[in-house]
file start-v3.pdb (PDB, C-alpha atoms and all ligand atoms)
ATOM      1  CA  LYS M   9     -13.083   1.793  14.633
ATOM      2  CA  LEU M  10     -14.579   0.569  11.382
ATOM      3  CA  PRO M  11     -14.257  -3.233  11.030
ATOM      4  CA  VAL M  12     -13.133  -4.048   7.477
ATOM      5  CA  ILE M  13     -12.300  -7.117   5.395
ATOM      6  CA  PHE M  14      -9.960  -6.103   2.568
ATOM      7  CA  ASP M  15     -10.274  -8.261  -0.568
ATOM      8  CA  THR M  16      -7.397  -7.723  -2.959
ATOM      9  CA  ASP M  17      -5.154  -8.905  -5.823
ATOM     10  CA  PRO M  18      -1.796  -7.156  -5.247
ATOM     11  CA  GLY M  19      -0.947  -5.540  -7.662
ATOM     12  CA  LEU M  20       1.010  -2.284  -7.291
ATOM     13  CA  ASP M  21      -1.957  -0.028  -6.490
ATOM     14  CA  ASP M  22      -3.390  -2.738  -4.232
ATOM     15  CA  ALA M  23      -0.091  -2.702  -2.319
ATOM     16  CA  ILE M  24      -0.284   1.078  -1.891
ATOM     17  CA  ALA M  25      -3.896   0.723  -0.753
ATOM     18  CA  LEU M  26      -2.843  -1.878   1.782
ATOM     19  CA  LEU M  27      -0.072   0.339   3.169
ATOM     20  CA  PHE M  28      -2.631   3.164   3.413
ATOM     21  CA  LEU M  29      -5.020   0.842   5.261
ATOM     22  CA  LEU M  30      -2.367  -0.449   7.648
ATOM     23  CA  GLY M  31      -1.279   3.114   8.385
ATOM     24  CA  ALA M  32      -4.866   3.981   9.314
ATOM     25  CA  ARG M  33      -5.063   1.421  12.131
ATOM     26  CA  ASP M  34      -6.376   4.023  14.585
ATOM     27  CA  GLU M  35      -9.496   4.363  12.464
ATOM     28  CA  ILE M  36      -9.876   0.974  10.782
ATOM     29  CA  ASP M  37      -9.968  -2.442  12.397
ATOM     30  CA  LEU M  38      -8.619  -4.731   9.671
ATOM     31  CA  LEU M  39     -10.254  -8.105  10.402
ATOM     32  CA  GLY M  40      -8.371  -9.935   7.670
ATOM     33  CA  ILE M  41      -7.137  -9.816   4.099
ATOM     34  CA  THR M  42      -8.707 -12.077   1.495
ATOM     35  CA  CYS M  43      -6.854 -12.570  -1.772
ATOM     36  CA  VAL M  44      -8.321 -13.198  -5.193
ATOM     37  CA  ALA M  45      -6.747 -14.005  -8.550
ATOM     38  CA  GLY M  46      -6.714 -10.935 -10.762
ATOM     39  CA  ASN M  47      -3.650  -8.855 -11.538
ATOM     40  CA  VAL M  48      -1.652 -12.079 -11.198
ATOM     41  CA  GLY M  49      -2.456 -15.634 -10.061
ATOM     42  CA  ILE M  50      -3.660 -16.601  -6.592
ATOM     43  CA  GLU M  51      -0.289 -17.822  -5.296
ATOM     44  CA  ALA M  52       1.470 -14.619  -6.237
ATOM     45  CA  VAL M  53      -1.214 -12.292  -4.861
ATOM     46  CA  SER M  54      -1.350 -14.224  -1.575
ATOM     47  CA  ARG M  55       2.423 -13.934  -1.257
ATOM     48  CA  ASN M  56       2.396 -10.247  -2.183
ATOM     49  CA  ALA M  57      -0.266  -9.374   0.404
ATOM     50  CA  ARG M  58       1.814 -10.989   3.143
ATOM     51  CA  MET M  59       4.978  -9.322   1.879
ATOM     52  CA  VAL M  60       3.322  -5.894   2.181
ATOM     53  CA  CYS M  61       2.113  -6.710   5.715
ATOM     54  CA  GLU M  62       5.678  -7.581   6.671
ATOM     55  CA  TRP M  63       7.014  -4.327   5.207
ATOM     56  CA  ALA M  64       4.577  -2.575   7.508
ATOM     57  CA  GLY M  65       5.596  -4.693  10.511
ATOM     58  CA  ARG M  66       2.159  -6.350  10.635
ATOM     59  CA  SER M  67       2.830 -10.069  10.416
ATOM     60  CA  ASP M  68      -0.071 -10.457  12.878
ATOM     61  CA  ILE M  69      -2.636  -9.787  10.125
ATOM     62  CA  LYS M  70      -4.497 -12.839   8.867
ATOM     63  CA  VAL M  71      -4.184 -13.383   5.118
ATOM     64  CA  TYR M  72      -6.382 -15.893   3.265
ATOM     65  CA  ALA M  73      -6.162 -17.214  -0.277
ATOM     66  CA  GLY M  74      -9.423 -17.265  -2.220
ATOM     67  CA  ALA M  75     -10.688 -17.906  -5.722
ATOM     68  CA  GLU M  76      -8.097 -18.884  -8.281
ATOM     69  CA  ARG M  77     -10.318 -18.019 -11.224
ATOM     70  CA  PRO M  78     -13.500 -16.064 -11.991
ATOM     71  CA  LEU M  79     -16.967 -17.616 -11.553
ATOM     72  CA  ILE M  80     -17.480 -18.537 -15.184
ATOM     73  CA  ARG M  81     -14.822 -17.057 -17.432
ATOM     74  CA  HIS M  82     -11.181 -18.013 -17.596
ATOM     75  CA  LEU M  83      -8.715 -15.804 -15.730
ATOM     76  CA  VAL M  84      -7.253 -12.782 -17.493
ATOM     77  CA  THR M  85      -4.307 -11.176 -15.654
ATOM     78  CA  ALA M  86      -2.598  -7.779 -15.849
ATOM     79  CA  GLU M  87       1.076  -8.675 -15.869
ATOM     80  CA  ARG M  88       1.645  -6.015 -18.484
ATOM     81  CA  VAL M  89       0.782  -3.383 -15.870
ATOM     82  CA  HIS M  90       1.994  -4.934 -12.608
ATOM     83  CA  GLY M  91       4.843  -7.146 -13.866
ATOM     84  CA  LYS M  92       5.232 -10.912 -13.707
ATOM     85  CA  THR M  93       5.338 -10.949  -9.905
ATOM     86  CA  GLY M  94       2.451  -8.479  -9.641
ATOM     87  CA  MET M  95       4.834  -6.101  -7.880
ATOM     88  CA  GLU M  96       7.242  -4.880 -10.545
ATOM     89  CA  GLY M  97      10.053  -2.856  -9.009
ATOM     90  CA  ALA M  98       9.354  -3.963  -5.426
ATOM     91  CA  PRO M  99      12.004  -5.522  -3.181
ATOM     92  CA  MET M 100      10.601  -9.054  -3.233
ATOM     93  CA  HIS M 101      11.013 -11.534  -0.399
ATOM     94  CA  GLU M 102       9.363 -14.775   0.599
ATOM     95  CA  PRO M 103       7.185 -13.854   3.581
ATOM     96  CA  ALA M 104       7.727 -15.627   6.880
ATOM     97  CA  MET M 105       4.170 -15.036   8.063
ATOM     98  CA  PRO M 106       1.878 -17.919   7.235
ATOM     99  CA  LEU M 107      -0.999 -17.997   4.827
ATOM    100  CA  GLN M 108      -4.106 -18.992   6.808
ATOM    101  CA  GLU M 109      -5.427 -22.472   6.145
ATOM    102  CA  ALA M 110      -9.068 -21.505   5.763
ATOM    103  CA  HIS M 111     -10.350 -20.463   2.350
ATOM    104  CA  ALA M 112     -10.973 -16.728   1.950
ATOM    105  CA  VAL M 113     -14.651 -17.319   1.171
ATOM    106  CA  ASP M 114     -15.148 -19.247   4.430
ATOM    107  CA  PHE M 115     -13.339 -16.566   6.392
ATOM    108  CA  ILE M 116     -15.691 -13.935   4.938
ATOM    109  CA  ILE M 117     -18.751 -16.032   5.816
ATOM    110  CA  ASP M 118     -17.590 -16.971   9.327
ATOM    111  CA  THR M 119     -16.580 -13.413  10.161
ATOM    112  CA  LEU M 120     -19.889 -11.964   9.027
ATOM    113  CA  ARG M 121     -21.807 -14.555  11.025
ATOM    114  CA  ARG M 122     -19.681 -13.948  14.118
ATOM    115  CA  GLU M 123     -19.511 -10.142  14.197
ATOM    116  CA  PRO M 124     -22.613  -8.115  15.114
ATOM    117  CA  ALA M 125     -24.928  -7.716  12.117
ATOM    118  CA  GLY M 126     -24.518  -4.483  10.190
ATOM    119  CA  THR M 127     -21.018  -3.693  11.411
ATOM    120  CA  VAL M 128     -18.578  -5.239   8.910
ATOM    121  CA  THR M 129     -17.542  -3.413   5.733
ATOM    122  CA  LEU M 130     -16.236  -5.402   2.760
ATOM    123  CA  CYS M 131     -13.681  -3.527   0.695
ATOM    124  CA  PRO M 132     -12.914  -5.413  -2.527
ATOM    125  CA  VAL M 133     -10.384  -3.905  -4.932
ATOM    126  CA  GLY M 134      -9.968  -6.812  -7.340
ATOM    127  CA  PRO M 135     -12.346  -9.025  -9.314
ATOM    128  CA  LEU M 136     -15.433  -9.689  -7.173
ATOM    129  CA  THR M 137     -15.187 -13.496  -7.230
ATOM    130  CA  ASN M 138     -14.653 -14.071  -3.485
ATOM    131  CA  ILE M 139     -17.553 -11.812  -2.549
ATOM    132  CA  ALA M 140     -19.898 -13.408  -5.083
ATOM    133  CA  LEU M 141     -18.911 -16.910  -3.945
ATOM    134  CA  ALA M 142     -19.499 -16.011  -0.285
ATOM    135  CA  LEU M 143     -22.968 -14.668  -1.153
ATOM    136  CA  LEU M 144     -23.754 -17.796  -3.168
ATOM    137  CA  LYS M 145     -22.567 -20.151  -0.465
ATOM    138  CA  ALA M 146     -24.171 -18.287   2.441
ATOM    139  CA  PRO M 147     -26.995 -15.992   1.292
ATOM    140  CA  ASP M 148     -27.738 -15.144   4.958
ATOM    141  CA  ILE M 149     -24.605 -12.980   5.149
ATOM    142  CA  ALA M 150     -26.037 -10.366   2.757
ATOM    143  CA  ALA M 151     -28.235  -8.913   5.489
ATOM    144  CA  ARG M 152     -25.283  -8.773   7.908
ATOM    145  CA  ILE M 153     -22.928  -6.701   5.725
ATOM    146  CA  LYS M 154     -22.772  -3.020   6.637
ATOM    147  CA  GLN M 155     -21.644  -1.976   3.176
ATOM    148  CA  ILE M 156     -19.465  -2.940   0.231
ATOM    149  CA  VAL M 157     -16.981  -0.283  -0.848
ATOM    150  CA  LEU M 158     -15.419  -1.446  -4.089
ATOM    151  CA  MET M 159     -13.013  -0.275  -6.751
ATOM    152  CA  GLY M 160     -14.239  -1.291 -10.165
ATOM    153  CA  GLY M 161     -16.288  -0.386 -13.191
ATOM    154  CA  ALA M 162     -16.342   2.582 -15.518
ATOM    155  CA  TYR M 163     -18.843   4.563 -17.527
ATOM    156  CA  PHE M 164     -17.767   8.042 -18.636
ATOM    157  CA  GLU M 165     -14.132   6.927 -18.958
ATOM    158  CA  GLY M 166     -14.905   3.902 -21.102
ATOM    159  CA  GLY M 167     -12.462   1.254 -20.000
ATOM    160  CA  ASN M 168      -8.841   0.488 -19.288
ATOM    161  CA  VAL M 169      -8.645  -3.091 -20.546
ATOM    162  CA  THR M 170     -11.070  -2.811 -23.460
ATOM    163  CA  PRO M 171     -12.784   0.323 -24.796
ATOM    164  CA  SER M 172     -15.843  -0.699 -22.771
ATOM    165  CA  ALA M 173     -14.635  -2.175 -19.511
ATOM    166  CA  GLU M 174     -12.552  -1.629 -16.433
ATOM    167  CA  PHE M 175     -10.226  -4.516 -15.479
ATOM    168  CA  ASN M 176     -11.889  -5.841 -12.275
ATOM    169  CA  PHE M 177     -15.344  -5.929 -13.874
ATOM    170  CA  TYR M 178     -13.984  -7.297 -17.150
ATOM    171  CA  VAL M 179     -12.230 -10.205 -15.431
ATOM    172  CA  ASP M 180     -15.320 -11.386 -13.564
ATOM    173  CA  PRO M 181     -18.444  -9.667 -14.891
ATOM    174  CA  HIS M 182     -20.757 -12.362 -13.515
ATOM    175  CA  SER M 183     -19.543 -11.777  -9.974
ATOM    176  CA  ALA M 184     -19.809  -8.021 -10.416
ATOM    177  CA  GLN M 185     -23.396  -8.278 -11.626
ATOM    178  CA  GLN M 186     -24.281 -10.565  -8.746
ATOM    179  CA  VAL M 187     -22.731  -8.348  -6.083
ATOM    180  CA  LEU M 188     -24.506  -5.302  -7.497
ATOM    181  CA  HIS M 189     -27.831  -7.091  -7.165
ATOM    182  CA  ALA M 190     -27.415  -8.533  -3.691
ATOM    183  CA  GLY M 191     -29.376  -5.714  -2.057
ATOM    184  CA  ILE M 192     -26.378  -4.618   0.015
ATOM    185  CA  PRO M 193     -25.511  -0.901   0.468
ATOM    186  CA  LEU M 194     -22.806  -0.407  -2.115
ATOM    187  CA  VAL M 195     -20.293   2.332  -2.864
ATOM    188  CA  MET M 196     -18.459   2.169  -6.163
ATOM    189  CA  LEU M 197     -15.146   3.840  -7.053
ATOM    190  CA  PRO M 198     -14.943   3.445 -10.829
ATOM    191  CA  LEU M 199     -12.358   4.743 -13.305
ATOM    192  CA  ASP M 200     -14.490   7.890 -13.517
ATOM    193  CA  VAL M 201     -13.171   8.887 -10.109
ATOM    194  CA  THR M 202      -9.828   7.042  -9.937
ATOM    195  CA  HIS M 203      -8.640   8.752 -13.126
ATOM    196  CA  LYS M 204      -8.921  11.997 -11.136
ATOM    197  CA  ALA M 205      -6.565  10.704  -8.417
ATOM    198  CA  CYS M 206      -3.278  10.568 -10.302
ATOM    199  CA  THR M 207       0.283  10.693  -9.083
ATOM    200  CA  SER M 208       2.381  13.793  -9.652
ATOM    201  CA  ALA M 209       6.003  14.629  -8.880
ATOM    202  CA  SER M 210       5.037  16.443  -5.677
ATOM    203  CA  ARG M 211       2.620  13.723  -4.548
ATOM    204  CA  VAL M 212       5.309  11.072  -4.987
ATOM    205  CA  ALA M 213       7.885  13.323  -3.283
ATOM    206  CA  ALA M 214       5.599  13.617  -0.236
ATOM    207  CA  LEU M 215       6.117   9.877   0.225
ATOM    208  CA  SER M 216       9.752   9.569  -0.814
ATOM    209  CA  SER M 217      10.723  12.294   1.677
ATOM    210  CA  LEU M 218       9.241  10.440   4.654
ATOM    211  CA  SER M 219      11.925   9.257   7.041
ATOM    212  CA  ASN M 220      10.481   5.788   7.582
ATOM    213  CA  TYR M 221      10.952   2.620   5.486
ATOM    214  CA  CYS M 222       7.475   2.413   3.968
ATOM    215  CA  GLY M 223       7.266   5.997   2.620
ATOM    216  CA  PRO M 224      10.157   5.784   0.127
ATOM    217  CA  LEU M 225       9.096   2.214  -0.660
ATOM    218  CA  ALA M 226       5.570   3.374  -1.521
ATOM    219  CA  ALA M 227       7.102   6.131  -3.659
ATOM    220  CA  SER M 228       9.172   3.596  -5.574
ATOM    221  CA  LEU M 229       6.101   1.430  -6.183
ATOM    222  CA  LEU M 230       4.290   4.466  -7.534
ATOM    223  CA  THR M 231       7.176   5.255  -9.841
ATOM    224  CA  SER M 232       7.073   1.696 -11.113
ATOM    225  CA  PHE M 233       3.298   1.927 -11.586
ATOM    226  CA  GLU M 234       3.679   5.222 -13.478
ATOM    227  CA  ARG M 235       6.020   3.651 -16.005
ATOM    228  CA  HIS M 236       3.170   1.731 -17.568
ATOM    229  CA  ASP M 237       0.785   4.653 -17.543
ATOM    230  CA  VAL M 238       3.245   6.973 -19.244
ATOM    231  CA  GLN M 239       3.226   4.554 -22.152
ATOM    232  CA  LYS M 240      -0.525   4.244 -22.061
ATOM    233  CA  TYR M 241      -1.749   7.796 -21.464
ATOM    234  CA  GLY M 242       1.291   9.622 -22.828
ATOM    235  CA  GLN M 243       1.862  11.602 -19.646
ATOM    236  CA  MET M 244       3.174  11.100 -16.140
ATOM    237  CA  GLY M 245       0.562  10.472 -13.514
ATOM    238  CA  ALA M 246      -0.769   7.042 -12.660
ATOM    239  CA  PRO M 247      -4.328   6.711 -11.362
ATOM    240  CA  LEU M 248      -4.348   5.347  -7.820
ATOM    241  CA  HIS M 249      -7.390   3.137  -8.277
ATOM    242  CA  ASP M 250      -7.442   0.979  -5.172
ATOM    243  CA  PRO M 251      -6.260   3.607  -2.653
ATOM    244  CA  CYS M 252      -9.408   5.588  -3.548
ATOM    245  CA  ALA M 253     -11.474   2.920  -1.780
ATOM    246  CA  ILE M 254      -9.423   3.321   1.398
ATOM    247  CA  ALA M 255      -9.690   7.103   1.164
ATOM    248  CA  TRP M 256     -13.480   6.794   0.955
ATOM    249  CA  LEU M 257     -13.573   4.607   4.087
ATOM    250  CA  LEU M 258     -11.624   7.226   5.990
ATOM    251  CA  ALA M 259     -12.999  10.427   4.494
ATOM    252  CA  PRO M 260     -16.134   9.949   2.391
ATOM    253  CA  GLY M 261     -16.578  13.727   2.324
ATOM    254  CA  LEU M 262     -13.670  13.971  -0.138
ATOM    255  CA  PHE M 263     -15.836  12.273  -2.793
ATOM    256  CA  SER M 264     -19.097  12.953  -4.552
ATOM    257  CA  GLY M 265     -21.308  11.083  -6.970
ATOM    258  CA  ARG M 266     -24.848   9.862  -7.466
ATOM    259  CA  GLU M 267     -27.135   7.038  -6.372
ATOM    260  CA  VAL M 268     -27.830   5.211  -9.624
ATOM    261  CA  ASN M 269     -28.838   1.902 -11.133
ATOM    262  CA  ILE M 270     -25.956  -0.059 -12.634
ATOM    263  CA  GLU M 271     -26.108  -3.232 -14.704
ATOM    264  CA  VAL M 272     -23.025  -5.149 -15.822
ATOM    265  CA  GLU M 273     -22.723  -6.727 -19.270
ATOM    266  CA  THR M 274     -21.879 -10.408 -18.892
ATOM    267  CA  ASP M 275     -22.582 -11.893 -22.324
ATOM    268  CA  SER M 276     -21.292  -9.703 -25.128
ATOM    269  CA  PRO M 277     -17.696 -10.516 -26.153
ATOM    270  CA  LEU M 278     -17.374  -6.926 -27.370
ATOM    271  CA  THR M 279     -18.475  -5.177 -24.177
ATOM    272  CA  GLN M 280     -17.922  -7.806 -21.444
ATOM    273  CA  GLY M 281     -17.746  -6.099 -18.033
ATOM    274  CA  HIS M 282     -19.244  -2.830 -19.287
ATOM    275  CA  CYS M 283     -21.290  -0.881 -16.727
ATOM    276  CA  ALA M 284     -24.583   0.504 -17.952
ATOM    277  CA  VAL M 285     -24.862   3.366 -15.460
ATOM    278  CA  ASP M 286     -28.293   4.970 -15.518
ATOM    279  CA  TRP M 287     -26.890   8.415 -14.780
ATOM    280  CA  TRP M 288     -30.005  10.269 -16.006
ATOM    281  CA  GLY M 289     -32.546   7.839 -14.553
ATOM    282  CA  THR M 290     -33.942   6.820 -17.914
ATOM    283  CA  THR M 291     -34.759   3.217 -17.035
ATOM    284  CA  GLY M 292     -36.857   3.720 -13.935
ATOM    285  CA  ARG M 293     -34.899   0.930 -12.273
ATOM    286  CA  SER M 294     -34.145   1.603  -8.632
ATOM    287  CA  SER M 295     -30.616   2.546  -7.653
ATOM    288  CA  ASN M 296     -28.227  -0.146  -6.438
ATOM    289  CA  ALA M 297     -25.071   1.860  -5.757
ATOM    290  CA  LEU M 298     -23.567   5.185  -4.878
ATOM    291  CA  TYR M 299     -21.454   5.808  -7.996
ATOM    292  CA  LEU M 300     -18.596   8.219  -7.267
ATOM    293  CA  THR M 301     -17.198  10.501  -9.937
ATOM    294  CA  GLU M 302     -15.390  13.337  -8.112
ATOM    295  CA  VAL M 303     -12.569  13.455  -5.571
ATOM    296  CA  ASP M 304     -10.468  16.099  -3.840
ATOM    297  CA  ALA M 305      -7.243  14.424  -4.962
ATOM    298  CA  ASP M 306      -4.871  16.739  -3.065
ATOM    299  CA  ALA M 307      -6.647  15.961   0.171
ATOM    300  CA  MET M 308      -6.694  12.263  -0.642
ATOM    301  CA  PHE M 309      -2.950  12.108  -1.316
ATOM    302  CA  GLY M 310      -2.404  14.116   1.873
ATOM    303  CA  ARG M 311      -4.400  11.589   3.924
ATOM    304  CA  MET M 312      -2.493   8.748   2.318
ATOM    305  CA  ALA M 313       0.944  10.243   3.088
ATOM    306  CA  GLN M 314      -0.186  10.929   6.672
ATOM    307  CA  ALA M 315      -1.215   7.292   7.127
ATOM    308  CA  ILE M 316       1.899   5.832   5.496
ATOM    309  CA  ALA M 317       4.045   8.115   7.686
ATOM    310  CA  LYS M 318       2.786   6.165  10.700
ATOM    311  CA  LEU M 319       4.254   2.894   9.424
ATOM    312  CA  PRO M 320       7.782   1.679  10.194
TER
HETATM  313  C1  LIG I 401      -8.016  -2.107 -11.241
HETATM  314  O1  LIG I 401      -7.354  -3.111 -12.034
HETATM  315  C2  LIG I 401      -6.206  -3.549 -11.375
HETATM  316  O2  LIG I 401      -5.163  -3.744 -12.281
HETATM  317  C3  LIG I 401      -5.897  -2.530 -10.311
HETATM  318  O3  LIG I 401      -5.267  -3.142  -9.211
HETATM  319  C4  LIG I 401      -7.240  -1.965  -9.954
HETATM  320  O4  LIG I 401      -7.869  -2.714  -8.943
HETATM  321  C5  LIG I 401      -8.119  -0.852 -12.064
HETATM  322  O5  LIG I 401      -8.832  -1.087 -13.213
HETATM  323 CA    CA I 402      -6.654  -4.335  -7.585
END
call {"tool": "encode", "arguments": {"input": "start-v3.pdb", "output": "structure tokens", "more": "lines below"}}
Ligand code: BDR
Ligand code: CA
result
Amino acid sequence: KLPVIFDTDPGLDDAIALLFLLGARDEIDLLGITCVAGNVGIEAVSRNARMVCEWAGRSDIKVYAGAERPLIRHLVTAERVHGKTGMEGAPMHEPAMPLQEAHAVDFIIDTLRREPAGTVTLCPVGPLTNIALALLKAPDIAARIKQIVLMGGAYFEGGNVTPSAEFNFYVDPHSAQQVLHAGIPLVMLPLDVTHKACTSASRVAALSSLSNYCGPLAASLLTSFERHDVQKYGQMGAPLHDPCAIAWLLAPGLFSGREVNIEVETDSPLTQGHCAVDWWGTTGRSSNALYLTEVDADAMFGRMAQAIAKLP
């Protein structure tokens, strides 16, 4: 089983990704969930992560609260997309399972120091603040991380929060730049691939027709998520950003891309969070990430429904 720390800011697509991950427990050993402020504030995301675990009958999972704001910039949230609670349209409840006392950043550091070197995968699907802080606080962990598989960034697709930037990179560009330059094997799922993994009536129906609790619930979250995207893109079909990262962990063969050099703009107010992806190798700088641009979306949605079907 692949040992994974999931770093997240739920968030509707984060919640779907988490259900996907919990449904894949035969293949993934989820060591813990670390929360970061992003789509909504830290208290709400830490509650939402636990709420999703409880839906899936997994109150045994350890959930940690992390950074409440980006490294340098002030926090920008995405309530317009995910609603005030971060989980618009979800049946909300106050989770009974506790939030762990330790800070998310310390959990990341301690886990990496405890587990055998080169075994633990970090899977961040929100702003990269917790990961950057862990690397700053304990530089020795860099050499112990197997890989970072992250959702964030954009190049060919421009951006989804400004014309130049994807939300996670826009919110904390300094952390993104730091993580990209930490010398850790890195896989990136940017908008260029997530915009090819969109919901459709039949993909949502595959979940709503499941006979468990979590399938129809996931379908209703997707429907809620689509509402925003219909307004934005003028058509049905919401991109399942964060679940792409889980799909890559389980089935990397469904994706393709290129090893490239990527630099993140941190200073310009106009293009903050922009990824300069050296797709054609014009800079001569060595590559720092596998940048994915293609996905077999039918297969990905199939895998996701299969995993969610295993939940209560
Ligand atoms: C990313 O931004 C967030 O709103 C989503 O959860 C996803 O991680 C997409 O740009
Ligand atoms: Ca997210």
call {"tool": "closest_residue", "arguments": {"input": "start-v3.pdb", "among": "M:Ala213, M:Gly292, M:Asp148, M:Gly191", "to": "M:Ala313", "atoms": "all atoms listed in the file"}}
result
M:Ala213
call {"tool": "closest_atom_pairs", "arguments": {"input": "start-v3.pdb", "of": "chain M", "to": "ligand CA 402 (chain I)", "cutoff": "8 Å", "atoms": "only C-alpha atoms and all ligand atoms", "output": "JSON lines"}}
result
{"residue": "M:Thr16", "atom": "CA", "partner": "I:CA402", "partner_atom": "CA", "distance": 5.8}
{"residue": "M:Asp17", "atom": "CA", "partner": "I:CA402", "partner_atom": "CA", "distance": 5.1}
{"residue": "M:Pro18", "atom": "CA", "partner": "I:CA402", "partner_atom": "CA", "distance": 6.1}
{"residue": "M:Gly19", "atom": "CA", "partner": "I:CA402", "partner_atom": "CA", "distance": 5.8}
{"residue": "M:Leu20", "atom": "CA", "partner": "I:CA402", "partner_atom": "CA", "distance": 7.9}
{"residue": "M:Asp21", "atom": "CA", "partner": "I:CA402", "partner_atom": "CA", "distance": 6.5}
{"residue": "M:Asp22", "atom": "CA", "partner": "I:CA402", "partner_atom": "CA", "distance": 4.9}
{"residue": "M:Gly46", "atom": "CA", "partner": "I:CA402", "partner_atom": "CA", "distance": 7.3}
{"residue": "M:Asn47", "atom": "CA", "partner": "I:CA402", "partner_atom": "CA", "distance": 6.7}
{"residue": "M:Val133", "atom": "CA", "partner": "I:CA402", "partner_atom": "CA", "distance": 4.6}
{"residue": "M:Gly134", "atom": "CA", "partner": "I:CA402", "partner_atom": "CA", "distance": 4.1}
{"residue": "M:Pro135", "atom": "CA", "partner": "I:CA402", "partner_atom": "CA", "distance": 7.6}
{"residue": "M:Met159", "atom": "CA", "partner": "I:CA402", "partner_atom": "CA", "distance": 7.6}
{"residue": "M:Asn176", "atom": "CA", "partner": "I:CA402", "partner_atom": "CA", "distance": 7.2}
{"residue": "M:His249", "atom": "CA", "partner": "I:CA402", "partner_atom": "CA", "distance": 7.5}
{"residue": "M:Asp250", "atom": "CA", "partner": "I:CA402", "partner_atom": "CA", "distance": 5.9}
call {"tool": "atom_distance", "arguments": {"input": "start-v3.pdb", "atom1": "atom CA of M:Asp37", "atom2": "atom CA of M:Gly74"}}
result
20.8 Å
call {"tool": "atom_distance", "arguments": {"input": "start-v3.pdb", "atom1": "atom CA of M:Pro78", "atom2": "atom CA of M:Gly166"}}
result
22.0 Å
call {"tool": "resolve_selection", "arguments": {"input": "start-v3.pdb", "expression": "the PyMOL selection byres (((chain M and resi 311) around 12) and not hetatm)", "output": "PyMOL selection string"}}
result
chain M and resi 25+28-29+31-32+211+214-215+251-252+254-260+262+304-310+312-318
call {"tool": "residues_near_point", "arguments": {"input": "start-v3.pdb", "point": "(-9.5, -1.7, -19.6)", "cutoff": "10 Å", "atoms": "only C-alpha atoms", "output": "number ranges by chain"}}
result
M: 86, 161-162, 165-179, 199, 281-282
call {"tool": "residues_near_point", "arguments": {"input": "start-v3.pdb", "point": "(2.4, -3.4, 6.3)", "cutoff": "8 Å", "atoms": "all atoms listed in the file", "output": "count of residues only"}}
result
14
call {"tool": "residues_around", "arguments": {"input": "start-v3.pdb", "residues": "M:Ala98", "least_positions_apart": "5", "cutoff": "12 Å", "atoms": "all atoms listed in the file", "output": "VMD selection string"}}
result
chain M and resid 18 to 20 23 to 24 56 59 to 60 63 90 to 93 222 224 to 233
call {"tool": "atom_distance", "arguments": {"input": "start-v3.pdb", "atom1": "atom CA of M:Lys154", "atom2": "atom CA of M:Leu298"}}
result
14.2 Å
call {"tool": "axis_aligned_box", "arguments": {"input": "start-v3.pdb", "around": "stretch 87-96 of chain M", "padding_each_side": "5 Å", "output": "lines of an AutoDock Vina configuration file"}}
result
center_x = 4.0
center_y = -7.2
center_z = -13.2
size_x = 16.5
size_y = 17.6
size_z = 20.6
call {"tool": "residues_around", "arguments": {"input": "start-v3.pdb", "residues": "M:Thr301", "least_positions_apart": "5", "cutoff": "8 Å", "atoms": "only C-alpha atoms", "output": "compact mmCIF listing (two decimals) with C-alpha atoms, in the frame of the given file"}}
result
# COMPACT_ATOMS: atom_id res chain seq x y z
CA LEU M 197 -15.15 3.84 -7.05
CA PRO M 198 -14.94 3.44 -10.83
CA ASP M 200 -14.49 7.89 -13.52
CA VAL M 201 -13.17 8.89 -10.11
CA PHE M 263 -15.84 12.27 -2.79
CA SER M 264 -19.10 12.95 -4.55
CA GLY M 265 -21.31 11.08 -6.97
call {"tool": "closest_residue", "arguments": {"input": "start-v3.pdb", "among": "M:Pro247, M:Gly223, M:Pro181, M:Pro147", "to": "ligand LIG 401 (chain I)", "atoms": "all atoms listed in the file"}}
result
M:Pro247
call {"tool": "resolve_selection", "arguments": {"input": "start-v3.pdb", "expression": "the PyMOL selection byres (((chain M and resi 187) around 10) and not hetatm)", "output": "MDAnalysis selection string"}}
result
chainID M and resid 136:137 139:141 143:144 150 156 181:186 188:192 194 296
call {"tool": "resolve_selection", "arguments": {"input": "start-v3.pdb", "expression": "the PyMOL selection byres (((chain M and resi 70) around 6) and not hetatm)", "output": "PyMOL selection string"}}
result
chain M and resi 40+69+71
call {"tool": "write_last_selection", "arguments": {"input": "start-v3.pdb", "atoms": "C-alpha atoms", "output": "short mmCIF file (atom, residue, chain, number, x, y, z; two decimals), in the frame of the given file"}}
result
data_model
loop_
_atom_site.label_atom_id
_atom_site.label_comp_id
_atom_site.auth_asym_id
_atom_site.auth_seq_id
_atom_site.Cartn_x
_atom_site.Cartn_y
_atom_site.Cartn_z
CA GLY M 40 -8.37 -9.94 7.67
CA ILE M 69 -2.64 -9.79 10.12
CA VAL M 71 -4.18 -13.38 5.12
#
call {"tool": "closest_residue", "arguments": {"input": "start-v3.pdb", "among": "M:Tyr221, M:Lys145, M:Asp15, M:Gln108", "to": "ligand LIG 401 (chain I)", "atoms": "all atoms listed in the file"}}
result
M:Asp15
call {"tool": "closest_residue", "arguments": {"input": "start-v3.pdb", "among": "M:Ile117, M:Val89, M:Ala297, M:Met105", "to": "ligand LIG 401 (chain I)", "atoms": "only C-alpha atoms and all ligand atoms"}}
result
M:Val89
call {"tool": "closest_residue", "arguments": {"input": "start-v3.pdb", "among": "M:Thr202, M:Pro106, M:Ile149, M:Leu38", "to": "M:Gly126", "atoms": "all atoms listed in the file"}}
result
M:Ile149
call {"tool": "closest_residue", "arguments": {"input": "start-v3.pdb", "among": "M:Val53, M:Met95, M:Cys131, M:Leu158", "to": "M:Phe14", "atoms": "all atoms listed in the file"}}
result
M:Cys131
